[in-house]
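S.K.: Sharing entry.cif (mmCIF, C-alpha atoms) below.
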```cif
data_protein
loop_
_atom_site.label_atom_id
_atom_site.label_comp_id
_atom_site.auth_asym_id
_atom_site.auth_seq_id
_atom_site.Cartn_x
_atom_site.Cartn_y
_atom_site.Cartn_z
CA MET A 1 0.00 0.00 0.00
CA GLU A 2 1.42 3.38 -1.04
CA LYS A 3 1.80 6.05 1.63
CA ASN A 4 2.20 9.81 1.18
CA ALA A 5 4.56 10.24 4.13
CA LEU A 6 6.06 8.54 7.14
CA THR A 7 4.86 9.25 10.65
CA LYS A 8 6.97 11.43 12.92
CA ILE A 9 7.97 8.36 14.92
CA ASP A 10 9.07 6.53 11.75
CA THR A 11 11.07 9.55 10.64
CA LEU A 12 12.72 9.85 14.05
CA THR A 13 13.55 6.13 13.97
CA LEU A 14 15.03 6.55 10.51
CA GLY A 15 17.15 9.47 11.70
CA LEU A 16 18.45 7.47 14.65
CA MET A 17 19.25 4.56 12.34
CA LEU A 18 21.26 6.88 10.09
CA PHE A 19 23.04 8.28 13.14
CA ALA A 20 23.91 4.73 14.20
CA LEU A 21 25.26 3.95 10.73
CA PHE A 22 27.60 6.94 10.88
CA LEU A 23 28.61 6.49 14.50
CA GLY A 24 31.33 3.95 13.97
CA ALA A 25 33.99 3.67 16.62
CA GLY A 26 36.41 5.41 14.27
CA ASN A 27 34.41 8.61 14.69
CA ILE A 28 35.19 8.51 18.39
CA ILE A 29 38.95 8.89 17.96
CA PHE A 30 39.34 12.08 15.89
CA PRO A 31 37.52 14.77 17.94
CA PRO A 32 39.56 14.16 21.15
CA TYR A 33 42.81 14.42 19.18
CA LEU A 34 41.56 17.59 17.50
CA GLY A 35 40.64 18.99 20.92
CA GLN A 36 44.14 18.39 22.29
CA LEU A 37 45.83 20.07 19.32
CA ALA A 38 43.35 22.94 18.87
CA GLY A 39 43.48 24.07 22.51
CA ASP A 40 41.93 27.51 22.94
CA GLN A 41 41.21 27.61 19.18
CA LEU A 42 38.68 24.80 19.72
CA ILE A 43 35.57 26.73 18.63
CA LEU A 44 37.08 27.70 15.28
CA ALA A 45 38.55 24.23 14.80
CA ILE A 46 35.36 22.33 15.58
CA PHE A 47 33.45 24.50 13.10
CA GLY A 48 35.80 23.40 10.31
CA PHE A 49 35.58 19.78 11.44
CA LEU A 50 31.79 19.83 11.50
CA LEU A 51 31.65 21.12 7.93
CA THR A 52 33.45 18.05 6.56
CA GLY A 53 32.55 15.58 9.32
CA VAL A 54 28.81 16.37 9.40
CA GLY A 55 27.87 18.82 6.63
CA LEU A 56 29.35 16.85 3.73
CA PRO A 57 27.85 13.50 4.83
CA LEU A 58 24.45 15.20 5.01
CA LEU A 59 24.88 16.52 1.46
CA GLY A 60 25.94 13.05 0.31
CA ILE A 61 22.82 11.43 1.76
CA LEU A 62 20.60 14.07 0.12
CA ALA A 63 22.38 13.64 -3.23
CA ILE A 64 21.68 9.89 -3.24
CA ALA A 65 18.04 10.51 -2.25
CA LYS A 66 17.62 13.12 -5.01
CA ALA A 67 19.12 10.76 -7.57
CA GLY A 68 16.92 7.93 -6.33
CA GLY A 69 19.74 5.45 -6.83
CA ASP A 70 23.19 4.75 -5.50
CA LEU A 71 26.74 6.10 -5.84
CA GLN A 72 27.34 4.20 -9.07
CA SER A 73 24.27 5.76 -10.69
CA ILE A 74 25.50 9.30 -9.84
CA ALA A 75 29.12 8.64 -10.83
CA GLY A 76 27.84 6.97 -14.00
CA ARG A 77 26.59 10.35 -15.20
CA VAL A 78 30.22 11.18 -15.93
CA HIS A 79 30.84 7.90 -17.80
CA PRO A 80 29.81 4.29 -17.10
CA VAL A 81 33.46 3.29 -16.60
CA PHE A 82 33.99 6.16 -14.15
CA GLY A 83 30.84 5.04 -12.33
CA ILE A 84 32.31 1.61 -11.69
CA VAL A 85 35.90 2.70 -11.03
CA PHE A 86 35.11 5.57 -8.65
CA THR A 87 32.53 3.51 -6.74
CA LEU A 88 35.07 0.71 -6.39
CA ILE A 89 37.70 3.17 -5.09
CA VAL A 90 35.23 4.48 -2.50
CA TYR A 91 34.35 0.94 -1.35
CA LEU A 92 38.03 0.00 -1.09
CA ALA A 93 38.79 3.17 0.90
CA ILE A 94 36.01 2.69 3.46
CA GLY A 95 36.63 -1.04 3.30
CA PRO A 96 39.87 -3.06 3.31
CA PHE A 97 42.39 -0.25 2.86
CA PHE A 98 41.36 2.04 5.73
CA GLY A 99 37.86 1.64 7.18
CA ILE A 100 37.95 -2.05 8.08
CA PRO A 101 41.55 -2.11 9.43
CA ARG A 102 40.73 0.97 11.51
CA THR A 103 37.95 -0.90 13.33
CA ALA A 104 40.51 -3.44 14.57
CA THR A 105 43.17 -0.87 15.54
CA VAL A 106 40.67 1.33 17.39
CA ALA A 107 39.32 -1.71 19.25
CA PHE A 108 42.87 -2.68 20.19
CA GLU A 109 43.93 0.83 21.30
CA ILE A 110 40.86 1.30 23.51
CA GLY A 111 39.72 -2.23 24.30
CA ALA A 112 42.97 -4.14 24.83
CA ALA A 113 46.13 -2.00 24.95
CA PRO A 114 45.27 -0.16 28.21
CA PHE A 115 45.07 -3.51 30.05
CA LEU A 116 48.39 -4.91 28.80
CA PRO A 117 51.48 -4.98 31.05
CA SER A 118 54.07 -2.32 30.23
CA THR A 119 56.52 -5.02 29.06
CA LEU A 120 54.27 -5.74 26.05
CA THR A 121 53.47 -2.19 24.96
CA GLU A 122 56.35 -2.06 22.46
CA SER A 123 55.83 -5.59 21.11
CA PHE A 124 53.96 -6.23 17.85
CA TRP A 125 52.57 -9.57 19.08
CA PRO A 126 49.58 -8.25 21.07
CA LEU A 127 48.20 -6.34 18.05
CA THR A 128 48.88 -9.31 15.75
CA ILE A 129 47.08 -11.79 18.00
CA PHE A 130 44.21 -9.34 18.59
CA THR A 131 43.67 -8.68 14.86
CA LEU A 132 43.71 -12.42 14.07
CA ALA A 133 40.99 -13.05 16.64
CA PHE A 134 39.06 -9.91 15.62
CA PHE A 135 38.94 -10.78 11.92
CA THR A 136 38.27 -14.47 12.55
CA ILE A 137 35.06 -13.43 14.32
CA THR A 138 34.34 -10.94 11.53
CA VAL A 139 34.61 -13.67 8.88
CA LEU A 140 32.37 -16.07 10.81
CA PHE A 141 29.58 -13.50 10.96
CA ALA A 142 30.12 -11.94 7.51
CA MET A 143 30.01 -15.36 5.83
CA ASN A 144 26.40 -15.69 6.93
CA PRO A 145 25.08 -12.30 8.19
CA THR A 146 22.23 -12.68 10.66
CA LYS A 147 20.02 -10.41 12.73
CA LEU A 148 22.39 -10.94 15.63
CA VAL A 149 24.76 -8.29 14.28
CA ASP A 150 21.85 -5.87 13.86
CA ARG A 151 20.70 -6.53 17.41
CA ILE A 152 24.19 -6.07 18.81
CA GLY A 153 24.36 -2.75 16.97
CA LYS A 154 21.02 -1.62 18.39
CA ILE A 155 22.21 -2.40 21.90
CA LEU A 156 25.74 -1.06 21.54
CA THR A 157 24.93 2.26 19.85
CA PRO A 158 22.81 3.47 22.82
CA LEU A 159 25.47 2.06 25.18
CA LEU A 160 28.21 3.92 23.33
CA ILE A 161 26.19 7.16 23.43
CA ALA A 162 25.56 6.67 27.15
CA VAL A 163 29.27 6.15 27.82
CA ILE A 164 30.21 9.25 25.81
CA GLY A 165 27.50 11.20 27.64
CA MET A 166 28.87 10.11 31.03
CA LEU A 167 32.39 11.18 30.04
CA ALA A 168 31.20 14.50 28.62
CA ILE A 169 29.05 15.42 31.63
CA LYS A 170 31.84 14.57 34.08
CA SER A 171 34.38 16.55 32.04
CA PHE A 172 32.08 19.60 32.05
CA ILE A 173 31.31 19.38 35.76
CA ASN A 174 34.82 18.48 36.83
CA PRO A 175 37.29 19.21 33.99
CA MET A 176 40.55 17.27 33.94
CA GLY A 177 42.44 20.53 33.43
CA SER A 178 42.41 23.89 31.72
CA ILE A 179 42.47 24.35 27.95
CA ASN A 180 46.01 24.93 26.72
CA SER A 181 47.45 26.82 23.76
CA PRO A 182 47.07 25.29 20.27
CA VAL A 183 49.74 23.00 18.87
CA GLY A 184 51.38 23.18 15.42
CA ASN A 185 49.22 24.38 12.52
CA TYR A 186 46.25 24.88 14.83
CA ASP A 187 47.89 28.04 16.13
CA THR A 188 47.35 29.90 12.83
CA GLU A 189 45.21 27.61 10.64
CA ALA A 190 42.76 26.02 13.09
CA PHE A 191 39.78 26.14 10.72
CA PHE A 192 41.50 24.75 7.62
CA GLU A 193 43.50 22.15 9.56
CA SER A 194 40.36 20.75 11.18
CA PHE A 195 38.47 20.99 7.87
CA LEU A 196 40.98 18.52 6.43
CA GLN A 197 40.92 16.38 9.58
CA GLY A 198 37.18 15.93 9.00
CA TYR A 199 38.10 13.91 5.90
CA LEU A 200 39.50 11.22 8.20
CA THR A 201 36.05 10.27 9.50
CA MET A 202 35.38 9.06 5.92
CA ASP A 203 31.70 9.82 6.54
CA ALA A 204 31.26 11.94 3.40
CA ILE A 205 32.16 9.01 1.15
CA ALA A 206 30.41 6.54 3.48
CA ALA A 207 27.24 8.63 3.02
CA LEU A 208 27.33 7.80 -0.68
CA VAL A 209 27.05 4.14 0.33
CA PHE A 210 24.58 4.59 3.21
CA GLY A 211 22.18 6.66 1.10
CA ILE A 212 20.70 3.65 -0.66
CA VAL A 213 20.06 1.99 2.73
CA ILE A 214 17.93 4.96 3.81
CA ILE A 215 16.03 5.06 0.53
CA GLN A 216 15.24 1.35 0.73
CA SER A 217 14.07 1.75 4.34
CA ILE A 218 11.66 4.53 3.31
CA ARG A 219 10.36 2.55 0.34
CA SER A 220 9.81 -0.48 2.54
CA LYS A 221 7.27 1.63 4.44
CA GLY A 222 5.24 2.07 1.25
CA VAL A 223 6.51 5.53 0.23
CA THR A 224 7.36 5.81 -3.47
CA ASP A 225 7.01 9.52 -4.29
CA THR A 226 10.49 10.92 -5.03
CA ARG A 227 9.77 14.28 -3.39
CA VAL A 228 8.51 12.63 -0.22
CA ILE A 229 11.57 10.36 -0.12
CA LEU A 230 13.87 13.37 -0.48
CA LYS A 231 11.99 15.32 2.20
CA THR A 232 11.99 12.38 4.62
CA THR A 233 15.68 11.75 3.99
CA ALA A 234 16.38 15.42 4.72
CA TYR A 235 14.58 15.19 8.08
CA ALA A 236 16.42 11.97 8.96
CA GLY A 237 19.71 13.52 7.86
CA PHE A 238 19.23 16.53 10.13
CA ILE A 239 18.46 14.26 13.08
CA ALA A 240 21.67 12.31 12.42
CA ALA A 241 23.61 15.57 11.93
CA ILE A 242 22.46 16.91 15.30
CA GLY A 243 23.47 13.66 16.98
CA LEU A 244 26.91 13.58 15.35
CA SER A 245 27.54 17.26 16.12
CA THR A 246 26.71 16.70 19.78
CA VAL A 247 29.08 13.71 19.97
CA TYR A 248 31.89 15.60 18.22
CA LEU A 249 31.51 18.69 20.41
CA SER A 250 31.56 16.59 23.57
CA LEU A 251 34.58 14.51 22.58
CA SER A 252 36.59 17.49 21.36
CA TYR A 253 35.99 19.25 24.68
CA ILE A 254 37.17 16.14 26.54
CA GLY A 255 40.34 16.19 24.45
CA ALA A 256 40.90 19.92 24.95
CA THR A 257 40.70 19.63 28.75
CA SER A 258 42.76 16.44 28.99
CA VAL A 259 46.29 17.67 28.23
CA GLU A 260 47.21 18.57 31.82
CA ALA A 261 46.02 15.19 33.10
CA ILE A 262 47.36 12.80 30.43
CA GLY A 263 49.68 14.88 28.23
CA LEU A 264 49.69 15.11 24.44
CA GLN A 265 49.05 11.70 22.85
CA ASP A 266 49.59 10.26 19.37
CA ASN A 267 45.95 9.49 18.55
CA GLY A 268 42.41 9.87 19.85
CA GLY A 269 42.07 6.23 20.82
CA ILE A 270 44.74 6.61 23.48
CA ILE A 271 43.26 9.95 24.60
CA ILE A 272 39.72 8.67 25.16
CA ALA A 273 40.97 5.50 26.87
CA MET A 274 43.19 7.44 29.30
CA ALA A 275 40.56 10.15 29.86
CA SER A 276 37.93 7.57 30.83
CA ARG A 277 40.24 6.32 33.59
CA VAL A 278 40.94 9.82 34.86
CA LEU A 279 37.23 10.66 34.95
CA TYR A 280 35.77 7.37 36.23
CA GLY A 281 38.66 5.19 37.30
CA GLU A 282 39.21 1.59 36.22
CA ILE A 283 35.49 0.83 35.84
CA GLY A 284 35.17 3.68 33.33
CA GLY A 285 37.95 2.19 31.22
CA ILE A 286 36.37 -1.26 31.30
CA ILE A 287 32.91 -0.04 30.24
CA LEU A 288 34.39 2.04 27.44
CA SER A 289 36.61 -0.79 26.20
CA VAL A 290 33.72 -3.29 26.03
CA ALA A 291 31.41 -0.85 24.20
CA ILE A 292 34.08 0.22 21.71
CA THR A 293 35.32 -3.31 21.01
CA PHE A 294 31.90 -4.73 20.16
CA ALA A 295 30.91 -1.59 18.23
CA CYS A 296 34.09 -1.94 16.16
CA LEU A 297 33.34 -5.60 15.56
CA THR A 298 29.82 -4.82 14.37
CA THR A 299 31.16 -2.11 12.04
CA SER A 300 33.82 -4.48 10.71
CA ILE A 301 31.26 -7.19 9.91
CA GLY A 302 29.05 -4.67 8.13
CA LEU A 303 31.89 -3.18 6.06
CA VAL A 304 33.34 -6.56 5.08
CA SER A 305 29.90 -7.79 4.04
CA ALA A 306 29.07 -4.60 2.08
CA THR A 307 32.42 -4.53 0.27
CA ALA A 308 32.17 -8.23 -0.57
CA GLN A 309 28.62 -7.80 -1.90
CA PHE A 310 29.62 -4.89 -4.13
CA SER A 311 32.70 -6.75 -5.42
CA PHE A 312 30.56 -9.82 -6.17
CA LYS A 313 28.13 -7.57 -8.07
CA ILE A 314 30.97 -6.22 -10.26
CA PHE A 315 33.01 -9.44 -10.58
CA PRO A 316 30.56 -12.35 -10.02
CA LYS A 317 33.00 -15.04 -11.14
CA ILE A 318 34.55 -14.95 -7.67
CA SER A 319 32.27 -16.11 -4.85
CA TYR A 320 30.97 -13.86 -2.10
CA MET A 321 32.65 -16.03 0.55
CA SER A 322 36.01 -15.73 -1.23
CA TYR A 323 35.69 -11.94 -1.16
CA VAL A 324 34.86 -12.00 2.55
CA LEU A 325 37.91 -14.11 3.34
CA PHE A 326 40.21 -12.03 1.13
CA PHE A 327 39.08 -8.66 2.53
CA ALA A 328 39.36 -9.90 6.12
CA ILE A 329 42.90 -11.25 5.61
CA PHE A 330 43.98 -8.13 3.73
CA SER A 331 42.46 -5.88 6.43
CA ALA A 332 44.21 -7.84 9.19
CA PHE A 333 47.54 -7.31 7.42
CA ILE A 334 46.93 -3.55 7.02
CA ALA A 335 45.72 -3.20 10.63
CA ASN A 336 49.06 -4.40 11.96
CA ILE A 337 50.79 -1.16 11.00
CA GLY A 338 49.00 0.40 13.99
CA LEU A 339 46.37 3.12 14.40
CA THR A 340 48.68 6.16 14.29
CA GLN A 341 50.45 4.97 11.13
CA LEU A 342 47.16 3.95 9.50
CA ILE A 343 45.74 7.44 10.00
CA ALA A 344 48.91 9.01 8.60
CA ILE A 345 48.79 6.83 5.48
CA SER A 346 45.08 7.33 4.88
CA LEU A 347 45.21 11.14 4.84
CA PRO A 348 46.94 11.51 1.41
CA VAL A 349 44.48 9.07 -0.16
CA LEU A 350 41.50 10.90 1.31
CA LEU A 351 42.96 14.24 0.18
CA ALA A 352 42.80 12.85 -3.36
CA ILE A 353 39.33 11.27 -3.13
CA TYR A 354 37.34 13.75 -1.02
CA PRO A 355 37.45 16.80 -3.34
CA ILE A 356 36.31 14.64 -6.26
CA ALA A 357 33.43 13.26 -4.18
CA ILE A 358 32.49 16.77 -2.99
CA VAL A 359 32.35 18.22 -6.51
CA LEU A 360 30.44 15.17 -7.81
CA VAL A 361 27.82 15.53 -5.07
CA ILE A 362 27.42 19.29 -5.54
CA LEU A 363 27.06 18.96 -9.34
CA SER A 364 24.39 16.29 -8.89
CA PHE A 365 22.13 18.83 -7.16
CA PHE A 366 21.87 21.21 -10.11
CA ASP A 367 22.87 19.18 -13.16
CA ARG A 368 19.54 19.95 -14.80
CA ILE A 369 20.75 23.47 -15.56
CA PHE A 370 23.45 22.03 -17.81
CA TYR A 371 21.16 19.26 -19.10
CA ARG A 372 23.26 16.61 -17.33
CA LYS A 373 25.90 16.84 -20.04
CA PRO A 374 28.78 14.48 -19.17
CA PHE A 375 31.46 16.88 -20.40
CA VAL A 376 30.53 19.38 -17.66
CA TYR A 377 31.13 16.69 -15.05
CA ILE A 378 34.35 15.67 -16.81
CA LEU A 379 35.68 19.24 -17.00
CA ALA A 380 34.94 19.98 -13.33
CA LEU A 381 36.10 16.63 -11.95
CA SER A 382 39.29 16.42 -14.02
CA THR A 383 40.28 19.92 -12.90
CA THR A 384 39.58 18.97 -9.29
CA ALA A 385 41.43 15.66 -9.62
CA VAL A 386 44.63 17.23 -10.97
CA ILE A 387 44.92 19.52 -7.96
CA SER A 388 43.68 17.08 -5.31
CA ILE A 389 46.02 14.30 -6.48
CA PHE A 390 48.97 16.71 -6.52
CA ASP A 391 47.99 17.87 -3.02
CA ALA A 392 47.84 14.24 -1.88
CA LEU A 393 51.30 13.54 -3.27
CA ARG A 394 52.66 16.65 -1.60
CA SER A 395 51.22 15.63 1.77
CA SER A 396 52.95 12.25 1.45
CA GLY A 397 56.32 13.90 0.84
CA ILE A 398 56.38 13.68 -2.96
CA SER A 399 56.74 17.10 -4.62
CA PHE A 400 57.52 18.56 -8.04
CA GLU A 401 59.21 21.94 -7.76
CA GLN A 402 57.91 23.50 -10.97
CA LEU A 403 54.32 22.36 -10.41
CA ASP A 404 54.57 23.28 -6.75
CA SER A 405 55.45 26.89 -7.58
CA ILE A 406 52.50 27.08 -10.00
CA PHE A 407 49.94 25.53 -7.64
CA HIS A 408 51.04 27.78 -4.80
CA LEU A 409 49.59 30.69 -6.78
CA LEU A 410 46.12 29.22 -6.25
CA PRO A 411 44.03 30.75 -3.44
CA LEU A 412 43.78 28.45 -0.39
CA PHE A 413 46.25 25.93 -1.83
CA GLU A 414 48.47 26.21 1.22
CA GLN A 415 45.41 25.44 3.37
CA GLY A 416 44.73 22.22 1.45
CA ILE A 417 41.68 23.31 -0.56
CA GLY A 418 43.30 24.90 -3.59
CA TRP A 419 40.92 22.93 -5.82
CA VAL A 420 37.88 25.06 -4.87
CA LEU A 421 38.39 28.05 -7.21
CA PRO A 422 39.65 26.12 -10.28
CA SER A 423 36.84 23.55 -10.05
CA THR A 424 34.28 26.36 -9.69
CA ILE A 425 35.66 28.13 -12.78
CA ALA A 426 35.75 24.86 -14.74
CA THR A 427 32.13 24.15 -13.75
CA LEU A 428 30.96 27.63 -14.83
CA ILE A 429 32.76 27.29 -18.17
CA GLY A 430 31.16 23.89 -18.71
CA ILE A 431 27.70 25.22 -17.86
CA LEU A 432 28.15 28.17 -20.25
CA ILE A 433 29.18 25.85 -23.09
CA ALA A 434 26.34 23.42 -22.39
CA ARG A 435 23.65 26.10 -22.27
CA THR A 436 24.99 27.87 -25.36
CA ALA A 437 25.07 24.63 -27.33
CA HIS A 438 21.53 23.81 -26.18
CA LYS A 439 20.21 27.19 -27.36
CA ASN A 440 21.91 26.82 -30.73
CA ASN A 441 20.25 23.47 -31.20
#
```
Could the structure of this file be written out as C-alpha cells, please?
M.R.:
Amino acid sequence: MEKNALTKIDTLTLGLMLFALFLGAGNIIFPPYLGQLAGDQLILAIFGFLLTGVGLPLLGILAIAKAGGDLQSIAGRVHPVFGIVFTLIVYLAIGPFFGIPRTATVAFEIGAAPFLPSTLTESFWPLTIFTLAFFTITVLFAMNPTKLVDRIGKILTPLLIAVIGMLAIKSFINPMGSINSPVGNYDTEAFFESFLQGYLTMDAIAALVFGIVIIQSIRSKGVTDTRVILKTTAYAGFIAAIGLSTVYLSLSYIGATSVEAIGLQDNGGIIIAMASRVLYGEIGGIILSVAITFACLTTSIGLVSATAQFSFKIFPKISYMSYVLFFAIFSAFIANIGLTQLIAISLPVLLAIYPIAIVLVILSFFDRIFYRKPFVYILALSTTAVISIFDALRSSGISFEQLDSIFHLLPLFEQGIGWVLPSTIATLIGILIARTAHKNN
C-alpha cells in the first residue's frame, strides 16, 4: 500500500538509524585528538571539522536521495566506466584499505592495549594476536550475516552514546584541566586544519554508500514519491547531523581539557581510553573498552559484508565467501601497521578522493541546468582531480618543484583546498558551453 509520508515516529527512527550507521567507533577517535591540538582555538577548529565531518555526509545522503539510486548511478553520469571505477575506489577506501583495518586498531587501542602490562606495549605480538581473533570473528559473521549483528548494533549504539555522555558530563562538571594553547598548525590555521581532519572520519564518502540503505528503508514503508523520499531523507539527515555534532563537540571538549592530566598523545584512541580512567577510574575504562570493542566488531562485519557484496556484483566469477575471506585477511595485514600509522597513510588518499566526491555531489544537485551533459562533469572533476592528487602527493612527501610553484599561486592551496576556485571556474565554463550549445540546437 502506497503512503504519502512517514509518521513522525518513523522519521525519528530513521534518523536514529542513520546516526547509528555513521557512529562507527572510528568517529570517536578524531575529535579528542583535534581537541588536544586545537586548545583555545577549539571553537574555530570544531566549526571546520563539522563542515566536513557532518555537513558533507548530510549533502551526500541528500544527493543519493535526489538521484533515487546509489553512488554508481550518480558517478555513472560522468561515464559508465567512471561510475564503476570511482565507486570501487570508495568501497576500497572505506573497506579493506582504511575503514575495516581501523575498526581493529581502534578496538585494540581502547579495548585491549590499556590492560596490557608495560613489558608488552612495544611488542607487535599483542596487536597481531588481537587482529587475528578480531577478523576471525568478523569472517564467521560476515560469511552468513544474521540479525544478531543488527541486534548487537542496536544495543551497543545506545550504550556507546551513554558512555560518551557520562564522560562529557563529568568533564564539564569536573574538567581534567584547563584548555592549553594550540599545537602546530592549529595556532594559525585552526579552521582549515580541522576541515581537512574531518576527511578522516570518511563519513562523506560513506554517506554515498549509506544513502541507498535509507532510501530502501523509506520505500519499505510504502513511500514511493520521489519528493517525499527526499523530504523524509532530509529530516532523517538533520536528526543524524544533530546527533553527530553533539558527539563531536563533547569529545573534542574532553580532548581539549585532557592535556594537563594525560599529556599530548599520538591518537584519539589513546586519549579517550586514558581520559575515561581519569574521569571514572578503572570501571570507566572497562565499560568504554567493552562498548568500543563490540561496536568496532559490528562495524567491521558490516563493512566486510558490504564490500564483498559490491565486489561480487561487479566481478561475479569470484564467490561472495572468497571476497569475505580475502578482505578480512587483507584488512588484518593492514591493521598491523597500527592506528597512528594507518591514519597518517590514509590522509593523502583521502585528500585525493574527497574533493572529487564533494564536486560530484554538488554537481548532482543542479545538473539539470546544464542538461546533465557528461562533459561538464568531466571538466569539473578532471580539474579537481589534478589539484587534489597533486595535493595528496605533496602531503605524502612527494613534490615537483615546478608544479609546486604554479599551484602555490592558487588561493587556499596552502590550506589544502586549492581545488575550490579552479573547479568552480571549470564548472561555470562547462555550464556556459552546455547552455549555449543547447540554445543553438
S.K.: Given the file above and the PyMOL selection byres ((chain A and resi 194) around 10), which residues are selected, and can you give them as number ranges by chain?
M.R.: A: 30-31, 34-35, 37-38, 42, 44-53, 185-186, 189-193, 195-199
S.K.: Starting from the shown file, work through the PyMOL selection byres ((chain A and resi 202) around 8) and note down what comes out as a list in words.
M.R.: Gly53, Ile94, Gly99, Gly198, Tyr199, Leu200, Thr201, Asp203, Ala204, Ile205, Ala206 and Leu350 of chain A
S.K.: Identify all residues satisfying the PyMOL selection byres ((chain A and resi 230) around 12) in the given file; provide them as a PyMOL selection string.
M.R.: chain A and resi 5-6+59+61-69+211-212+214-215+218-219+223-229+231-237+365
S.K.: Would you compute the distance between atom CA of A:Val78 and atom CA of A:Ile378? Give it in Å to one decimal.
M.R.: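 About the pair atom CA of A:Val78 and atom CA of A:Ile378: they are 6.2 Å apart.
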S.K.: Restricting the calculation to only C-alpha atoms: of A:Ala437, A:Val290, A:Leu297, A:Ile271, which residue gets closest to A:Ser258?
M.R.: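 Of the candidates, the smallest distance to A:Ser258 is held by A:Ile271.
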S.K.: One number please: atom CA of A:Thr246 to atom CA of A:Pro101, in Å, one decimal.
M.R.: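 Between atom CA of A:Thr246 and atom CA of A:Pro101 the gap works out to 26.1 Å.
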S.K.: Counting only C-alpha atoms, which residue out of A:Ile270, A:Ala113, A:Ala352, A:Ile179 sits closest to A:Phe130?
M.R.: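 Closest residue, counting only C-alpha atoms: A:Ala113.
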S.K.: Would you mind listing what lies within 12 Å of A:Pro96 as an MDAnalysis selection string, with all atoms listed in the file counted and same-chain residues fewer than 2 positions away left out?
M.R.: chainID A and resid 88:94 98:104 135 300:308 311 323:335 342 346
S.K.: Kindly save the residues from that selection, with C-alpha atoms included, as an mmCIF file, keeping the file's coordinate frame.
M.R.:
```cif
data_model
loop_
_atom_site.group_PDB
_atom_site.id
_atom_site.type_symbol
_atom_site.label_atom_id
_atom_site.label_comp_id
_atom_site.auth_asym_id
_atom_site.auth_seq_id
_atom_site.Cartn_x
_atom_site.Cartn_y
_atom_site.Cartn_z
ATOM 1 C CA LEU A 88 35.070 0.710 -6.390
ATOM 2 C CA ILE A 89 37.700 3.170 -5.090
ATOM 3 C CA VAL A 90 35.230 4.480 -2.500
ATOM 4 C CA TYR A 91 34.350 0.940 -1.350
ATOM 5 C CA LEU A 92 38.030 0.000 -1.090
ATOM 6 C CA ALA A 93 38.790 3.170 0.900
ATOM 7 C CA ILE A 94 36.010 2.690 3.460
ATOM 8 C CA PHE A 98 41.360 2.040 5.730
ATOM 9 C CA GLY A 99 37.860 1.640 7.180
ATOM 10 C CA ILE A 100 37.950 -2.050 8.080
ATOM 11 C CA PRO A 101 41.550 -2.110 9.430
ATOM 12 C CA ARG A 102 40.730 0.970 11.510
ATOM 13 C CA THR A 103 37.950 -0.900 13.330
ATOM 14 C CA ALA A 104 40.510 -3.440 14.570
ATOM 15 C CA PHE A 135 38.940 -10.780 11.920
ATOM 16 C CA SER A 300 33.820 -4.480 10.710
ATOM 17 C CA ILE A 301 31.260 -7.190 9.910
ATOM 18 C CA GLY A 302 29.050 -4.670 8.130
ATOM 19 C CA LEU A 303 31.890 -3.180 6.060
ATOM 20 C CA VAL A 304 33.340 -6.560 5.080
ATOM 21 C CA SER A 305 29.900 -7.790 4.040
ATOM 22 C CA ALA A 306 29.070 -4.600 2.080
ATOM 23 C CA THR A 307 32.420 -4.530 0.270
ATOM 24 C CA ALA A 308 32.170 -8.230 -0.570
ATOM 25 C CA SER A 311 32.700 -6.750 -5.420
ATOM 26 C CA TYR A 323 35.690 -11.940 -1.160
ATOM 27 C CA VAL A 324 34.860 -12.000 2.550
ATOM 28 C CA LEU A 325 37.910 -14.110 3.340
ATOM 29 C CA PHE A 326 40.210 -12.030 1.130
ATOM 30 C CA PHE A 327 39.080 -8.660 2.530
ATOM 31 C CA ALA A 328 39.360 -9.900 6.120
ATOM 32 C CA ILE A 329 42.900 -11.250 5.610
ATOM 33 C CA PHE A 330 43.980 -8.130 3.730
ATOM 34 C CA SER A 331 42.460 -5.880 6.430
ATOM 35 C CA ALA A 332 44.210 -7.840 9.190
ATOM 36 C CA PHE A 333 47.540 -7.310 7.420
ATOM 37 C CA ILE A 334 46.930 -3.550 7.020
ATOM 38 C CA ALA A 335 45.720 -3.200 10.630
ATOM 39 C CA LEU A 342 47.160 3.950 9.500
ATOM 40 C CA SER A 346 45.080 7.330 4.880
#
```
S.K.: Give me the residues within 6 Å of stretch 422-430 of chain A as an mmCIF file with C-alpha atoms, in the frame of the given file, counting only C-alpha atoms and dropping any in the same chain fewer than 5 places off.
M.R.:
```
data_model
loop_
_atom_site.group_PDB
_atom_site.id
_atom_site.type_symbol
_atom_site.label_atom_id
_atom_site.label_comp_id
_atom_site.auth_asym_id
_atom_site.auth_seq_id
_atom_site.Cartn_x
_atom_site.Cartn_y
_atom_site.Cartn_z
ATOM 1 C CA VAL A 376 30.530 19.380 -17.660
ATOM 2 C CA ALA A 380 34.940 19.980 -13.330
ATOM 3 C CA THR A 383 40.280 19.920 -12.900
ATOM 4 C CA THR A 384 39.580 18.970 -9.290
#
```
S.K.: Would you mind reading off the distance between atom CA of A:Phe141 and atom CA of A:Thr87, one decimal, in Å?
M.R.: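 According to the coordinates, atom CA of A:Phe141 and atom CA of A:Thr87 are separated by 24.7 Å.
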